[in-house]
Structures are given as structure tokens and as C-alpha cells.
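Coordinates from input.pdb are shown below (PDB, C-alpha atoms and all ligand atoms).
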ATOM      1  CA  MET A  16     -49.180  20.485  52.837  1.00  0.00           C
ATOM      2  CA  GLY A  17     -51.080  17.228  52.573  1.00  0.00           C
ATOM      3  CA  ALA A  18     -53.354  17.991  49.596  1.00  0.00           C
ATOM      4  CA  GLY A  19     -53.608  15.226  47.037  1.00  0.00           C
ATOM      5  CA  ARG A  20     -54.475  14.655  43.400  1.00  0.00           C
ATOM      6  CA  ALA A  21     -55.341  11.470  41.585  1.00  0.00           C
ATOM      7  CA  VAL A  22     -52.951  10.276  38.866  1.00  0.00           C
ATOM      8  CA  ALA A  23     -53.573   6.957  37.124  1.00  0.00           C
ATOM      9  CA  GLY A  24     -55.675   5.829  40.044  1.00  0.00           C
ATOM     10  CA  TYR A  25     -53.133   6.760  42.739  1.00  0.00           C
ATOM     11  CA  THR A  26     -53.484   9.706  45.042  1.00  0.00           C
ATOM     12  CA  ILE A  27     -50.167  11.520  45.108  1.00  0.00           C
ATOM     13  CA  ARG A  28     -49.713  13.561  48.236  1.00  0.00           C
ATOM     14  CA  LEU A  29     -48.577  17.031  47.506  1.00  0.00           C
ATOM     15  CA  ILE A  30     -45.887  18.715  49.592  1.00  0.00           C
ATOM     16  CA  ALA A  31     -45.919  22.085  47.808  1.00  0.00           C
ATOM     17  CA  THR A  32     -46.535  23.829  44.520  1.00  0.00           C
ATOM     18  CA  HIS A  33     -44.404  26.452  42.888  1.00  0.00           C
ATOM     19  CA  ASP A  34     -44.890  28.490  39.736  1.00  0.00           C
ATOM     20  CA  VAL A  35     -42.263  28.610  36.964  1.00  0.00           C
ATOM     21  CA  ALA A  36     -43.023  30.810  33.955  1.00  0.00           C
ATOM     22  CA  GLY A  37     -46.736  30.132  34.295  1.00  0.00           C
ATOM     23  CA  ASN A  38     -46.253  26.345  34.689  1.00  0.00           C
ATOM     24  CA  GLN A  39     -47.092  24.651  37.929  1.00  0.00           C
ATOM     25  CA  VAL A  40     -44.304  22.703  39.624  1.00  0.00           C
ATOM     26  CA  TRP A  41     -45.539  19.887  41.851  1.00  0.00           C
ATOM     27  CA  ILE A  42     -43.290  18.830  44.705  1.00  0.00           C
ATOM     28  CA  GLN A  43     -44.167  15.355  45.887  1.00  0.00           C
ATOM     29  CA  ARG A  44     -42.688  12.274  47.514  1.00  0.00           C
ATOM     30  CA  ALA A  45     -40.958  10.159  44.891  1.00  0.00           C
ATOM     31  CA  ALA A  46     -42.721   6.984  43.804  1.00  0.00           C
ATOM     32  CA  LEU A  47     -40.838   3.733  43.253  1.00  0.00           C
ATOM     33  CA  ARG A  48     -41.343   4.080  39.504  1.00  0.00           C
ATOM     34  CA  ASP A  49     -39.549   7.475  39.570  1.00  0.00           C
ATOM     35  CA  LEU A  50     -36.229   5.964  40.650  1.00  0.00           C
ATOM     36  CA  PRO A  51     -34.812   5.150  37.148  1.00  0.00           C
ATOM     37  CA  THR A  52     -35.621   8.725  36.034  1.00  0.00           C
ATOM     38  CA  ILE A  53     -34.004  10.123  39.190  1.00  0.00           C
ATOM     39  CA  ALA A  54     -30.890   8.016  38.493  1.00  0.00           C
ATOM     40  CA  ARG A  55     -30.712   9.559  34.974  1.00  0.00           C
ATOM     41  CA  LEU A  56     -31.143  13.046  36.424  1.00  0.00           C
ATOM     42  CA  GLN A  57     -28.330  12.332  38.903  1.00  0.00           C
ATOM     43  CA  ARG A  58     -25.969  11.385  36.051  1.00  0.00           C
ATOM     44  CA  GLN A  59     -26.862  14.652  34.288  1.00  0.00           C
ATOM     45  CA  CYS A  60     -26.216  16.752  37.377  1.00  0.00           C
ATOM     46  CA  PHE A  61     -23.246  15.192  39.189  1.00  0.00           C
ATOM     47  CA  PRO A  62     -19.820  13.894  38.218  1.00  0.00           C
ATOM     48  CA  ASP A  63     -19.144  10.135  38.333  1.00  0.00           C
ATOM     49  CA  GLY A  64     -18.871   8.903  41.872  1.00  0.00           C
ATOM     50  CA  GLN A  65     -21.148  11.596  43.255  1.00  0.00           C
ATOM     51  CA  ALA A  66     -24.344  10.683  41.384  1.00  0.00           C
ATOM     52  CA  TYR A  67     -26.693   8.278  43.176  1.00  0.00           C
ATOM     53  CA  GLY A  68     -27.214   5.145  41.103  1.00  0.00           C
ATOM     54  CA  LEU A  69     -30.383   3.079  41.009  1.00  0.00           C
ATOM     55  CA  ALA A  70     -29.187   0.622  43.686  1.00  0.00           C
ATOM     56  CA  THR A  71     -28.385   3.458  46.104  1.00  0.00           C
ATOM     57  CA  LEU A  72     -31.725   5.118  45.388  1.00  0.00           C
ATOM     58  CA  LEU A  73     -33.567   1.867  46.086  1.00  0.00           C
ATOM     59  CA  VAL A  74     -31.867   1.509  49.475  1.00  0.00           C
ATOM     60  CA  LEU A  75     -32.634   5.153  50.306  1.00  0.00           C
ATOM     61  CA  TYR A  76     -36.234   4.764  49.144  1.00  0.00           C
ATOM     62  CA  TRP A  77     -36.874   1.951  51.616  1.00  0.00           C
ATOM     63  CA  TRP A  78     -34.805   3.469  54.464  1.00  0.00           C
ATOM     64  CA  PRO A  79     -37.310   4.580  57.111  1.00  0.00           C
ATOM     65  CA  SER A  80     -35.670   7.886  58.060  1.00  0.00           C
ATOM     66  CA  VAL A  81     -35.060   9.016  54.457  1.00  0.00           C
ATOM     67  CA  GLU A  82     -37.317  11.216  52.324  1.00  0.00           C
ATOM     68  CA  ILE A  83     -36.956  11.548  48.550  1.00  0.00           C
ATOM     69  CA  LEU A  84     -38.934  14.382  46.950  1.00  0.00           C
ATOM     70  CA  VAL A  85     -39.290  15.233  43.278  1.00  0.00           C
ATOM     71  CA  ALA A  86     -40.314  18.383  41.404  1.00  0.00           C
ATOM     72  CA  ARG A  87     -42.563  17.655  38.410  1.00  0.00           C
ATOM     73  CA  ILE A  88     -43.553  19.986  35.619  1.00  0.00           C
ATOM     74  CA  GLY A  89     -46.219  18.165  33.636  1.00  0.00           C
ATOM     75  CA  GLU A  90     -44.725  14.755  32.908  1.00  0.00           C
ATOM     76  CA  ARG A  91     -41.129  15.980  33.330  1.00  0.00           C
ATOM     77  CA  LEU A  92     -39.101  15.335  36.430  1.00  0.00           C
ATOM     78  CA  ALA A  93     -37.258  18.623  36.873  1.00  0.00           C
ATOM     79  CA  GLY A  94     -35.411  18.002  40.125  1.00  0.00           C
ATOM     80  CA  CYS A  95     -35.077  15.977  43.281  1.00  0.00           C
ATOM     81  CA  VAL A  96     -33.915  16.259  46.864  1.00  0.00           C
ATOM     82  CA  VAL A  97     -32.965  13.576  49.383  1.00  0.00           C
ATOM     83  CA  GLY A  98     -32.833  14.114  53.143  1.00  0.00           C
ATOM     84  CA  ASP A  99     -33.035  12.244  56.400  1.00  0.00           C
ATOM     85  CA  ALA A 100     -33.678  12.983  60.070  1.00  0.00           C
ATOM     86  CA  HIS A 101     -32.567  11.485  63.357  1.00  0.00           C
ATOM     87  CA  ARG A 102     -34.274  13.006  66.375  1.00  0.00           C
ATOM     88  CA  SER A 103     -33.886  16.770  65.985  1.00  0.00           C
ATOM     89  CA  GLN A 104     -31.080  16.560  63.386  1.00  0.00           C
ATOM     90  CA  GLY A 105     -31.947  16.732  59.684  1.00  0.00           C
ATOM     91  CA  ARG A 106     -29.552  16.318  56.772  1.00  0.00           C
ATOM     92  CA  VAL A 107     -29.949  17.355  53.171  1.00  0.00           C
ATOM     93  CA  LEU A 108     -28.056  14.559  51.446  1.00  0.00           C
ATOM     94  CA  ASN A 109     -28.543  15.445  47.785  1.00  0.00           C
ATOM     95  CA  LEU A 110     -30.202  18.182  45.733  1.00  0.00           C
ATOM     96  CA  CYS A 111     -30.277  18.620  41.971  1.00  0.00           C
ATOM     97  CA  VAL A 112     -32.258  20.320  39.226  1.00  0.00           C
ATOM     98  CA  ALA A 113     -32.079  19.425  35.512  1.00  0.00           C
ATOM     99  CA  PRO A 114     -29.923  21.974  33.628  1.00  0.00           C
ATOM    100  CA  GLU A 115     -32.833  23.269  31.506  1.00  0.00           C
ATOM    101  CA  PHE A 116     -34.887  24.105  34.610  1.00  0.00           C
ATOM    102  CA  ARG A 117     -32.232  25.893  36.648  1.00  0.00           C
ATOM    103  CA  ARG A 118     -32.395  29.463  38.009  1.00  0.00           C
ATOM    104  CA  GLN A 119     -36.173  29.391  38.246  1.00  0.00           C
ATOM    105  CA  GLY A 120     -36.489  28.753  41.965  1.00  0.00           C
ATOM    106  CA  ILE A 121     -36.963  24.968  41.813  1.00  0.00           C
ATOM    107  CA  GLY A 122     -33.835  24.172  43.870  1.00  0.00           C
ATOM    108  CA  ALA A 123     -34.956  26.599  46.574  1.00  0.00           C
ATOM    109  CA  ALA A 124     -38.496  25.169  46.531  1.00  0.00           C
ATOM    110  CA  LEU A 125     -37.152  21.600  46.905  1.00  0.00           C
ATOM    111  CA  LEU A 126     -34.960  22.707  49.800  1.00  0.00           C
ATOM    112  CA  ASP A 127     -37.940  24.326  51.539  1.00  0.00           C
ATOM    113  CA  ALA A 128     -40.023  21.193  50.945  1.00  0.00           C
ATOM    114  CA  ILE A 129     -37.491  18.743  52.393  1.00  0.00           C
ATOM    115  CA  GLU A 130     -37.170  20.909  55.510  1.00  0.00           C
ATOM    116  CA  LEU A 131     -40.962  20.844  55.746  1.00  0.00           C
ATOM    117  CA  VAL A 132     -41.262  17.041  55.673  1.00  0.00           C
ATOM    118  CA  LEU A 133     -38.283  16.224  57.923  1.00  0.00           C
ATOM    119  CA  SER A 134     -39.197  16.540  61.569  1.00  0.00           C
ATOM    120  CA  ALA A 135     -35.960  18.176  62.658  1.00  0.00           C
ATOM    121  CA  GLU A 136     -34.953  21.415  64.316  1.00  0.00           C
ATOM    122  CA  GLN A 137     -31.461  21.710  62.856  1.00  0.00           C
ATOM    123  CA  PHE A 138     -30.324  20.894  59.320  1.00  0.00           C
ATOM    124  CA  THR A 139     -26.869  20.226  57.915  1.00  0.00           C
ATOM    125  CA  LEU A 140     -25.538  19.652  54.423  1.00  0.00           C
ATOM    126  CA  MET A 141     -22.222  19.288  52.670  1.00  0.00           C
ATOM    127  CA  VAL A 142     -21.274  21.277  49.587  1.00  0.00           C
ATOM    128  CA  GLU A 143     -18.083  21.353  47.541  1.00  0.00           C
ATOM    129  CA  ASP A 144     -15.947  24.445  48.104  1.00  0.00           C
ATOM    130  CA  LYS A 145     -15.924  25.232  44.358  1.00  0.00           C
ATOM    131  CA  ASN A 146     -19.713  24.941  43.986  1.00  0.00           C
ATOM    132  CA  ALA A 147     -20.410  28.645  44.440  1.00  0.00           C
ATOM    133  CA  GLY A 148     -23.922  28.482  42.955  1.00  0.00           C
ATOM    134  CA  ALA A 149     -25.146  25.852  45.417  1.00  0.00           C
ATOM    135  CA  GLN A 150     -23.454  27.667  48.317  1.00  0.00           C
ATOM    136  CA  GLU A 151     -25.313  30.847  47.390  1.00  0.00           C
ATOM    137  CA  LEU A 152     -28.619  28.966  47.256  1.00  0.00           C
ATOM    138  CA  TYR A 153     -27.988  27.487  50.712  1.00  0.00           C
ATOM    139  CA  ARG A 154     -26.770  30.787  52.160  1.00  0.00           C
ATOM    140  CA  ARG A 155     -29.903  32.551  50.965  1.00  0.00           C
ATOM    141  CA  SER A 156     -31.983  29.812  52.549  1.00  0.00           C
ATOM    142  CA  GLY A 157     -30.323  30.457  55.934  1.00  0.00           C
ATOM    143  CA  TYR A 158     -27.451  27.941  55.966  1.00  0.00           C
ATOM    144  CA  LEU A 159     -24.099  29.095  57.346  1.00  0.00           C
ATOM    145  CA  PRO A 160     -20.709  27.428  56.849  1.00  0.00           C
ATOM    146  CA  VAL A 161     -19.490  25.800  60.058  1.00  0.00           C
ATOM    147  CA  SER A 162     -16.425  23.780  59.048  1.00  0.00           C
ATOM    148  CA  GLU A 163     -14.346  22.560  56.134  1.00  0.00           C
ATOM    149  CA  LEU A 164     -13.558  18.896  55.454  1.00  0.00           C
ATOM    150  CA  ARG A 165     -10.353  18.764  53.446  1.00  0.00           C
ATOM    151  CA  HIS A 166     -10.407  16.468  50.365  1.00  0.00           C
ATOM    152  CA  TYR A 167     -13.939  15.297  51.217  1.00  0.00           C
ATOM    153  CA  TYR A 168     -14.890  15.010  47.512  1.00  0.00           C
ATOM    154  CA  GLY A 169     -11.443  13.806  46.370  1.00  0.00           C
ATOM    155  CA  ARG A 170      -7.985  15.295  45.999  1.00  0.00           C
ATOM    156  CA  ASN A 171      -8.129  19.100  46.390  1.00  0.00           C
ATOM    157  CA  ARG A 172     -11.936  19.005  46.390  1.00  0.00           C
ATOM    158  CA  HIS A 173     -12.902  20.155  49.841  1.00  0.00           C
ATOM    159  CA  GLY A 174     -16.290  19.932  51.515  1.00  0.00           C
ATOM    160  CA  ILE A 175     -17.965  22.759  53.394  1.00  0.00           C
ATOM    161  CA  LEU A 176     -20.366  21.733  56.140  1.00  0.00           C
ATOM    162  CA  MET A 177     -23.306  24.152  56.361  1.00  0.00           C
ATOM    163  CA  GLN A 178     -25.949  24.347  59.063  1.00  0.00           C
ATOM    164  CA  LYS A 179     -29.211  26.086  59.805  1.00  0.00           C
ATOM    165  CA  ARG A 180     -31.855  26.033  62.503  1.00  0.00           C
ATOM    166  CA  ARG A 181     -35.469  25.672  61.407  1.00  0.00           C
ATOM    167  CA  GLY A 182     -36.840  29.068  60.526  1.00  0.00           C
ATOM    168  CA  ASP A 183     -33.464  30.746  59.888  1.00  0.00           C
ATOM    169  CA  ARG A 184     -33.415  32.549  56.559  1.00  0.00           C
ATOM    170  CA  THR A 185     -31.157  35.352  55.422  1.00  0.00           C
ATOM    171  CA  SER A 186     -32.932  36.604  52.286  1.00  0.00           C
ATOM    172  CA  TRP A 187     -35.083  35.688  49.316  1.00  0.00           C
TER     173      TRP A 187
HETATM  174  C1  LIG B   1     -27.463  23.834  42.780  1.00  0.00           C
HETATM  175  C2  LIG B   1     -28.782  23.623  42.040  1.00  0.00           C
HETATM  176  C3  LIG B   1     -29.570  22.518  42.759  1.00  0.00           C
HETATM  177  C4  LIG B   1     -29.584  24.930  42.062  1.00  0.00           C
HETATM  178  O1  LIG B   1     -30.888  24.686  41.521  1.00  0.00           O
HETATM  179  P1  LIG B   1     -31.748  25.876  40.884  1.00  0.00           P
HETATM  180  O2  LIG B   1     -33.123  25.377  40.679  1.00  0.00           O
HETATM  181  O3  LIG B   1     -31.041  26.450  39.733  1.00  0.00           O
HETATM  182  O4  LIG B   1     -31.720  26.931  42.099  1.00  0.00           O
HETATM  183  P2  LIG B   1     -32.708  28.173  42.274  1.00  0.00           P
HETATM  184  O5  LIG B   1     -33.216  28.628  40.965  1.00  0.00           O
HETATM  185  O6  LIG B   1     -33.717  27.825  43.312  1.00  0.00           O
HETATM  186  O7  LIG B   1     -31.703  29.260  42.859  1.00  0.00           O
HETATM  187  C5  LIG B   1     -32.070  30.114  43.919  1.00  0.00           C
HETATM  188  C6  LIG B   1     -30.940  31.097  44.162  1.00  0.00           C
HETATM  189  O8  LIG B   1     -29.717  30.391  44.485  1.00  0.00           O
HETATM  190  C7  LIG B   1     -28.603  31.052  43.861  1.00  0.00           C
HETATM  191  N1  LIG B   1     -28.049  30.236  42.764  1.00  0.00           N
HETATM  192  C8  LIG B   1     -28.503  29.061  42.307  1.00  0.00           C
HETATM  193  N2  LIG B   1     -27.696  28.602  41.316  1.00  0.00           N
HETATM  194  C9  LIG B   1     -26.719  29.517  41.162  1.00  0.00           C
HETATM  195  C10 LIG B   1     -25.584  29.614  40.310  1.00  0.00           C
HETATM  196  N3  LIG B   1     -25.297  28.654  39.401  1.00  0.00           N
HETATM  197  N4  LIG B   1     -24.784  30.675  40.415  1.00  0.00           N
HETATM  198  C11 LIG B   1     -25.042  31.658  41.324  1.00  0.00           C
HETATM  199  N5  LIG B   1     -26.115  31.647  42.175  1.00  0.00           N
HETATM  200  C12 LIG B   1     -26.930  30.575  42.094  1.00  0.00           C
HETATM  201  C13 LIG B   1     -29.167  32.341  43.296  1.00  0.00           C
HETATM  202  O9  LIG B   1     -29.129  33.303  44.320  1.00  0.00           O
HETATM  203  C14 LIG B   1     -30.584  31.937  42.959  1.00  0.00           C
HETATM  204  O10 LIG B   1     -31.472  33.033  42.879  1.00  0.00           O
HETATM  205  P3  LIG B   1     -31.551  33.880  41.513  1.00  0.00           P
HETATM  206  O11 LIG B   1     -31.719  32.893  40.388  1.00  0.00           O
HETATM  207  O12 LIG B   1     -32.761  34.723  41.752  1.00  0.00           O
HETATM  208  O13 LIG B   1     -30.273  34.658  41.423  1.00  0.00           O
HETATM  209  C15 LIG B   1     -28.529  23.221  40.548  1.00  0.00           C
HETATM  210  O14 LIG B   1     -27.664  24.182  39.959  1.00  0.00           O
HETATM  211  C16 LIG B   1     -27.912  21.857  40.371  1.00  0.00           C
HETATM  212  O15 LIG B   1     -28.615  20.859  40.296  1.00  0.00           O
HETATM  213  N6  LIG B   1     -26.572  21.798  40.279  1.00  0.00           N
HETATM  214  C17 LIG B   1     -25.869  20.525  40.078  1.00  0.00           C
HETATM  215  C18 LIG B   1     -25.966  19.641  41.291  1.00  0.00           C
HETATM  216  C19 LIG B   1     -25.466  20.350  42.544  1.00  0.00           C
HETATM  217  O16 LIG B   1     -24.435  21.030  42.523  1.00  0.00           O
HETATM  218  N7  LIG B   1     -26.206  20.147  43.646  1.00  0.00           N
HETATM  219  C20 LIG B   1     -25.846  20.698  44.928  1.00  0.00           C
HETATM  220  C21 LIG B   1     -24.901  19.765  45.575  1.00  0.00           C
HETATM  221  S1  LIG B   1     -24.465  20.314  47.202  1.00  0.00           S
END

Could I get this file's structure written as C-alpha cells?
Amino acid sequence: MGAGRAVAGYTIRLIATHDVAGNQVWIQRAALRDLPTIARLQRQCFPDGQAYGLATLLVLYWWPSVEILVARIGERLAGCVVGDAHRSQGRVLNLCVAPEFRRQGIGAALLDAIELVLSAEQFTLMVEDKNAGAQELYRRSGYLPVSELRHYYGRNRHGILMQKRRGDRTSW
């Protein structure tokens, strides 16, 4: 963590790298200029009402306790994750990977990276009960379901609250 590389005169601090089919994935803090691209990615990945729009992303970007990380492959923005921390409690607020880059470990790498940058001991997240793929990703990363919030995402769309302590991991 903490290495940097120069791009167009800026040094971008690097959180992690990950290899996908021989291409290097760079996981970095989002820059302000990434926000419109992240908003497009959100619309690709989430239904209306759940995708973060540009205004929301701008507020999150400037919010002191929030971290927004992106995964880049070359010039492409392949995924992003948003989290925050208050004292020892961290939350993963949003995670998505562009459809063409899925099932290559990028979601898991982003999840690892946000846990790395948030100074928290315990992490929580909310996932829809029907989103089996995301639940499996979280379970494999050490998250366990702790409660259900009925109709959290809308009528008959329930939320599952998942939790992990730093360092917990079931399998990879
Ligand atoms: C959920 C999401 C972020 C996963 O990203 P990803 O880069 O494909 O995830 P990974 O490749 O790191 O997956 C790691 C493991 O998680 C599990 N997993 C991920 N997606 C899965 C799916 N669709 N079905 C079943 N298992 C899945 C698998 O065990 C996978 O390992 P494997 O590919 O070796 O079997 C991505 O599908 C996405 O953006 N979905 C739409 C937005 C969303 O639902 N976000 C989560 C909101 S809570």
C-alpha cells in the first residue's frame, strides 16, 4: 500500500494491484474527474433508485469519513467501491463491477482494498436477499448474515445485513 505512479503529472496513490488475464488492475482512490464515469457505471450495474448519481457521488467524495476506490484496467474503469468508517465501525456502502469484467476477482479485490483503507475493526454491509452472487462474494470474504430488514429495497425486496471482523475470512 502507498506506492504511487505518475499519470499526466499527478501521482496517483496505489492501494493494490490485481492481475486479470495478464492485465494489471490498479485499485486507487477515485479522482474528482472519475465521478461522471462512476455515475455511468452505477447506472449499468444497479436498478433505478439504487444507482448513485453524480450529485450523490460529489457529496460522498467530499465527505471526510468516506472513501471511494476505483479499479482501472488501462484507461477503463472496471469497478468501484464506496465505504465509510466511524471509530471502529466500517461500512461498505456500494460495490460494483462492469458486466464485461465480472467473475475475474475484481469485486473481491475492491472489497479487500476498501477494508484496507478504512480504519475500522468491524465491517457491515447490506445486500438484497435475491442477490445471491453478491452474497456469495461477501460470504467468501468472511461476512456473515446477522439480520434481515424487510422491504429495505422496496416492496418484497428485503435487505440482509452482513458483518465481519477485520481478518475474518472463510475461503478464497
Ligand atoms: C456483485 C459484483 C460486485 C461481483 O463482482 P465480481 O468482480 O464479478 O466478483 P468476483 O469476480 O470478485 O467474485 C468473487 C467470488 O464471488 C462469488 N460470485 C461473484 N459473483 C457471483 C455470481 N454472479 N454468482 C455466483 N457467485 C458469484 C464467486 O464465488 C466468485 O468466485 P468465482 O468467480 O471464483 O466463482 C458484481 O456482480 C456486480 O457489480 N453486480 C451488480 C451490482 C451489485 O449487485 N453489487 C452488490 C450490491 S450489495

Check: For the file shown, what are the residues hit by the PyMOL selection byres (((chain A and resi 158) around 8) and not hetatm), laid out as a list in words?
Finding: Thr139, Tyr153, Arg154, Arg155, Ser156, Gly157, Leu159, Pro160, Met177, Gln178, Lys179, Asp183 and Arg184 of chain A

Write out, as CSV, each residue of chain A that has an atom at most 7 Å from ligand LIG 1 (chain B), together with the closest pair of atoms and their distance in Å to one decimal, counting only C-alpha atoms and all ligand atoms, rows going by chain and rising number.
residue,atom,partner,partner_atom,distance
A:Cys60,CA,B:LIG1,C17,4.7
A:Phe61,CA,B:LIG1,C18,5.6
A:Asn109,CA,B:LIG1,C21,6.1
A:Leu110,CA,B:LIG1,N7,4.9
A:Cys111,CA,B:LIG1,O15,3.3
A:Val112,CA,B:LIG1,O15,3.8
A:Ala113,CA,B:LIG1,O15,6.1
A:Pro114,CA,B:LIG1,O15,6.9
A:Phe116,CA,B:LIG1,O2,6.4
A:Arg117,CA,B:LIG1,O3,3.4
A:Arg118,CA,B:LIG1,O5,3.2
A:Gln119,CA,B:LIG1,O5,4.1
A:Gly120,CA,B:LIG1,O6,3.2
A:Ile121,CA,B:LIG1,O2,4.0
A:Gly122,CA,B:LIG1,O2,3.5
A:Ala123,CA,B:LIG1,O6,3.7
A:Ala124,CA,B:LIG1,O6,6.3
A:Met141,CA,B:LIG1,S1,6.0
A:Val142,CA,B:LIG1,S1,4.1
A:Glu143,CA,B:LIG1,S1,6.5
A:Asn146,CA,B:LIG1,O16,6.3
A:Ala147,CA,B:LIG1,N4,6.3
A:Gly148,CA,B:LIG1,C10,3.3
A:Ala149,CA,B:LIG1,C1,4.0
A:Glu151,CA,B:LIG1,C7,4.8
A:Leu152,CA,B:LIG1,O8,3.3
A:Arg155,CA,B:LIG1,O9,6.7

Item checked: Selection near A:Gln57, 12 Å with only C-alpha atoms, sequence-local residues under 5 positions removed, as a list in words -> Leu50, Pro51, Thr52, Pro62, Asp63, Gly64, Gln65, Ala66, Tyr67, Gly68, Leu69, Thr71, Leu72, Leu92, Ala93, Gly94, Cys95, Val96, Val97, Asn109, Leu110, Cys111, Val112, Ala113 and Pro114 of chain A

For the residues selected in the previous step, produce a file with C-alpha atoms as a PDB file, in the frame of the given file.
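File produced: result_33.pdb:
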ATOM      1  CA  LEU A  50     -36.229   5.964  40.650  1.00  0.00           C
ATOM      2  CA  PRO A  51     -34.812   5.150  37.148  1.00  0.00           C
ATOM      3  CA  THR A  52     -35.621   8.725  36.034  1.00  0.00           C
ATOM      4  CA  PRO A  62     -19.820  13.894  38.218  1.00  0.00           C
ATOM      5  CA  ASP A  63     -19.144  10.135  38.333  1.00  0.00           C
ATOM      6  CA  GLY A  64     -18.871   8.903  41.872  1.00  0.00           C
ATOM      7  CA  GLN A  65     -21.148  11.596  43.255  1.00  0.00           C
ATOM      8  CA  ALA A  66     -24.344  10.683  41.384  1.00  0.00           C
ATOM      9  CA  TYR A  67     -26.693   8.278  43.176  1.00  0.00           C
ATOM     10  CA  GLY A  68     -27.214   5.145  41.103  1.00  0.00           C
ATOM     11  CA  LEU A  69     -30.383   3.079  41.009  1.00  0.00           C
ATOM     12  CA  THR A  71     -28.385   3.458  46.104  1.00  0.00           C
ATOM     13  CA  LEU A  72     -31.725   5.118  45.388  1.00  0.00           C
ATOM     14  CA  LEU A  92     -39.101  15.335  36.430  1.00  0.00           C
ATOM     15  CA  ALA A  93     -37.258  18.623  36.873  1.00  0.00           C
ATOM     16  CA  GLY A  94     -35.411  18.002  40.125  1.00  0.00           C
ATOM     17  CA  CYS A  95     -35.077  15.977  43.281  1.00  0.00           C
ATOM     18  CA  VAL A  96     -33.915  16.259  46.864  1.00  0.00           C
ATOM     19  CA  VAL A  97     -32.965  13.576  49.383  1.00  0.00           C
ATOM     20  CA  ASN A 109     -28.543  15.445  47.785  1.00  0.00           C
ATOM     21  CA  LEU A 110     -30.202  18.182  45.733  1.00  0.00           C
ATOM     22  CA  CYS A 111     -30.277  18.620  41.971  1.00  0.00           C
ATOM     23  CA  VAL A 112     -32.258  20.320  39.226  1.00  0.00           C
ATOM     24  CA  ALA A 113     -32.079  19.425  35.512  1.00  0.00           C
ATOM     25  CA  PRO A 114     -29.923  21.974  33.628  1.00  0.00           C
TER      26      PRO A 114
END

Notebook entry, point to check: Do you know which residues are at most 12 Å from A:Arg91 counting all atoms listed in the file, after dropping those on the same chain fewer than 4 positions away, and could you put them as a PyMOL selection string?
Noted result: chain A and resi 38-42+49+52-53+56+85-87+95+112-113+115-116

Could those residues be written to a file, using C-alpha atoms, as a PDB file, in the coordinates of the input?
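The result, written out as again_9.pdb:
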ATOM      1  CA  ASN A  38     -46.253  26.345  34.689  1.00  0.00           C
ATOM      2  CA  GLN A  39     -47.092  24.651  37.929  1.00  0.00           C
ATOM      3  CA  VAL A  40     -44.304  22.703  39.624  1.00  0.00           C
ATOM      4  CA  TRP A  41     -45.539  19.887  41.851  1.00  0.00           C
ATOM      5  CA  ILE A  42     -43.290  18.830  44.705  1.00  0.00           C
ATOM      6  CA  ASP A  49     -39.549   7.475  39.570  1.00  0.00           C
ATOM      7  CA  THR A  52     -35.621   8.725  36.034  1.00  0.00           C
ATOM      8  CA  ILE A  53     -34.004  10.123  39.190  1.00  0.00           C
ATOM      9  CA  LEU A  56     -31.143  13.046  36.424  1.00  0.00           C
ATOM     10  CA  VAL A  85     -39.290  15.233  43.278  1.00  0.00           C
ATOM     11  CA  ALA A  86     -40.314  18.383  41.404  1.00  0.00           C
ATOM     12  CA  ARG A  87     -42.563  17.655  38.410  1.00  0.00           C
ATOM     13  CA  CYS A  95     -35.077  15.977  43.281  1.00  0.00           C
ATOM     14  CA  VAL A 112     -32.258  20.320  39.226  1.00  0.00           C
ATOM     15  CA  ALA A 113     -32.079  19.425  35.512  1.00  0.00           C
ATOM     16  CA  GLU A 115     -32.833  23.269  31.506  1.00  0.00           C
ATOM     17  CA  PHE A 116     -34.887  24.105  34.610  1.00  0.00           C
TER      18      PHE A 116
END

Note to self: Just to confirm, what's the straight-line distance from atom CA of A:Glu130 to atom CA of A:Val81 in Å (one decimal)?
What the structure shows: 12.1 Å

Since the input lacks some atoms of stretch 174-186 of chain A, please model N, CA and C atoms and print them as an mmCIF file, in the coordinates of the input.
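What follows is the written file selection06.cif:
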data_model
loop_
_atom_site.group_PDB
_atom_site.id
_atom_site.type_symbol
_atom_site.label_atom_id
_atom_site.label_comp_id
_atom_site.auth_asym_id
_atom_site.auth_seq_id
_atom_site.Cartn_x
_atom_site.Cartn_y
_atom_site.Cartn_z
ATOM 1 N N GLY A 174 -14.868 19.817 51.186
ATOM 2 C CA GLY A 174 -16.290 19.932 51.515
ATOM 3 C C GLY A 174 -16.503 21.033 52.545
ATOM 4 N N ILE A 175 -17.590 21.759 52.386
ATOM 5 C CA ILE A 175 -17.965 22.759 53.394
ATOM 6 C C ILE A 175 -19.241 22.275 54.059
ATOM 7 N N LEU A 176 -19.176 22.134 55.373
ATOM 8 C CA LEU A 176 -20.366 21.733 56.140
ATOM 9 C C LEU A 176 -21.163 22.995 56.454
ATOM 10 N N MET A 177 -22.447 22.990 56.091
ATOM 11 C CA MET A 177 -23.306 24.152 56.361
ATOM 12 C C MET A 177 -24.459 23.715 57.269
ATOM 13 N N GLN A 178 -24.965 24.664 58.019
ATOM 14 C CA GLN A 178 -25.949 24.347 59.063
ATOM 15 C C GLN A 178 -26.995 25.461 59.164
ATOM 16 N N LYS A 179 -28.200 25.070 59.482
ATOM 17 C CA LYS A 179 -29.211 26.086 59.805
ATOM 18 C C LYS A 179 -30.174 25.538 60.846
ATOM 19 N N ARG A 180 -30.784 26.430 61.589
ATOM 20 C CA ARG A 180 -31.855 26.033 62.503
ATOM 21 C C ARG A 180 -33.170 26.308 61.794
ATOM 22 N N ARG A 181 -34.174 25.476 62.052
ATOM 23 C CA ARG A 181 -35.469 25.672 61.407
ATOM 24 C C ARG A 181 -35.914 27.125 61.555
ATOM 25 N N GLY A 182 -36.336 27.696 60.464
ATOM 26 C CA GLY A 182 -36.840 29.068 60.526
ATOM 27 C C GLY A 182 -35.795 30.114 60.180
ATOM 28 N N ASP A 183 -34.496 29.758 60.257
ATOM 29 C CA ASP A 183 -33.464 30.746 59.888
ATOM 30 C C ASP A 183 -33.510 30.999 58.385
ATOM 31 N N ARG A 184 -33.440 32.229 57.983
ATOM 32 C CA ARG A 184 -33.415 32.549 56.559
ATOM 33 C C ARG A 184 -32.767 33.906 56.427
ATOM 34 N N THR A 185 -31.802 34.050 55.551
ATOM 35 C CA THR A 185 -31.157 35.352 55.422
ATOM 36 C C THR A 185 -31.926 36.244 54.455
ATOM 37 N N SER A 186 -32.208 35.753 53.250
ATOM 38 C CA SER A 186 -32.932 36.604 52.286
ATOM 39 C C SER A 186 -33.520 35.754 51.184
#
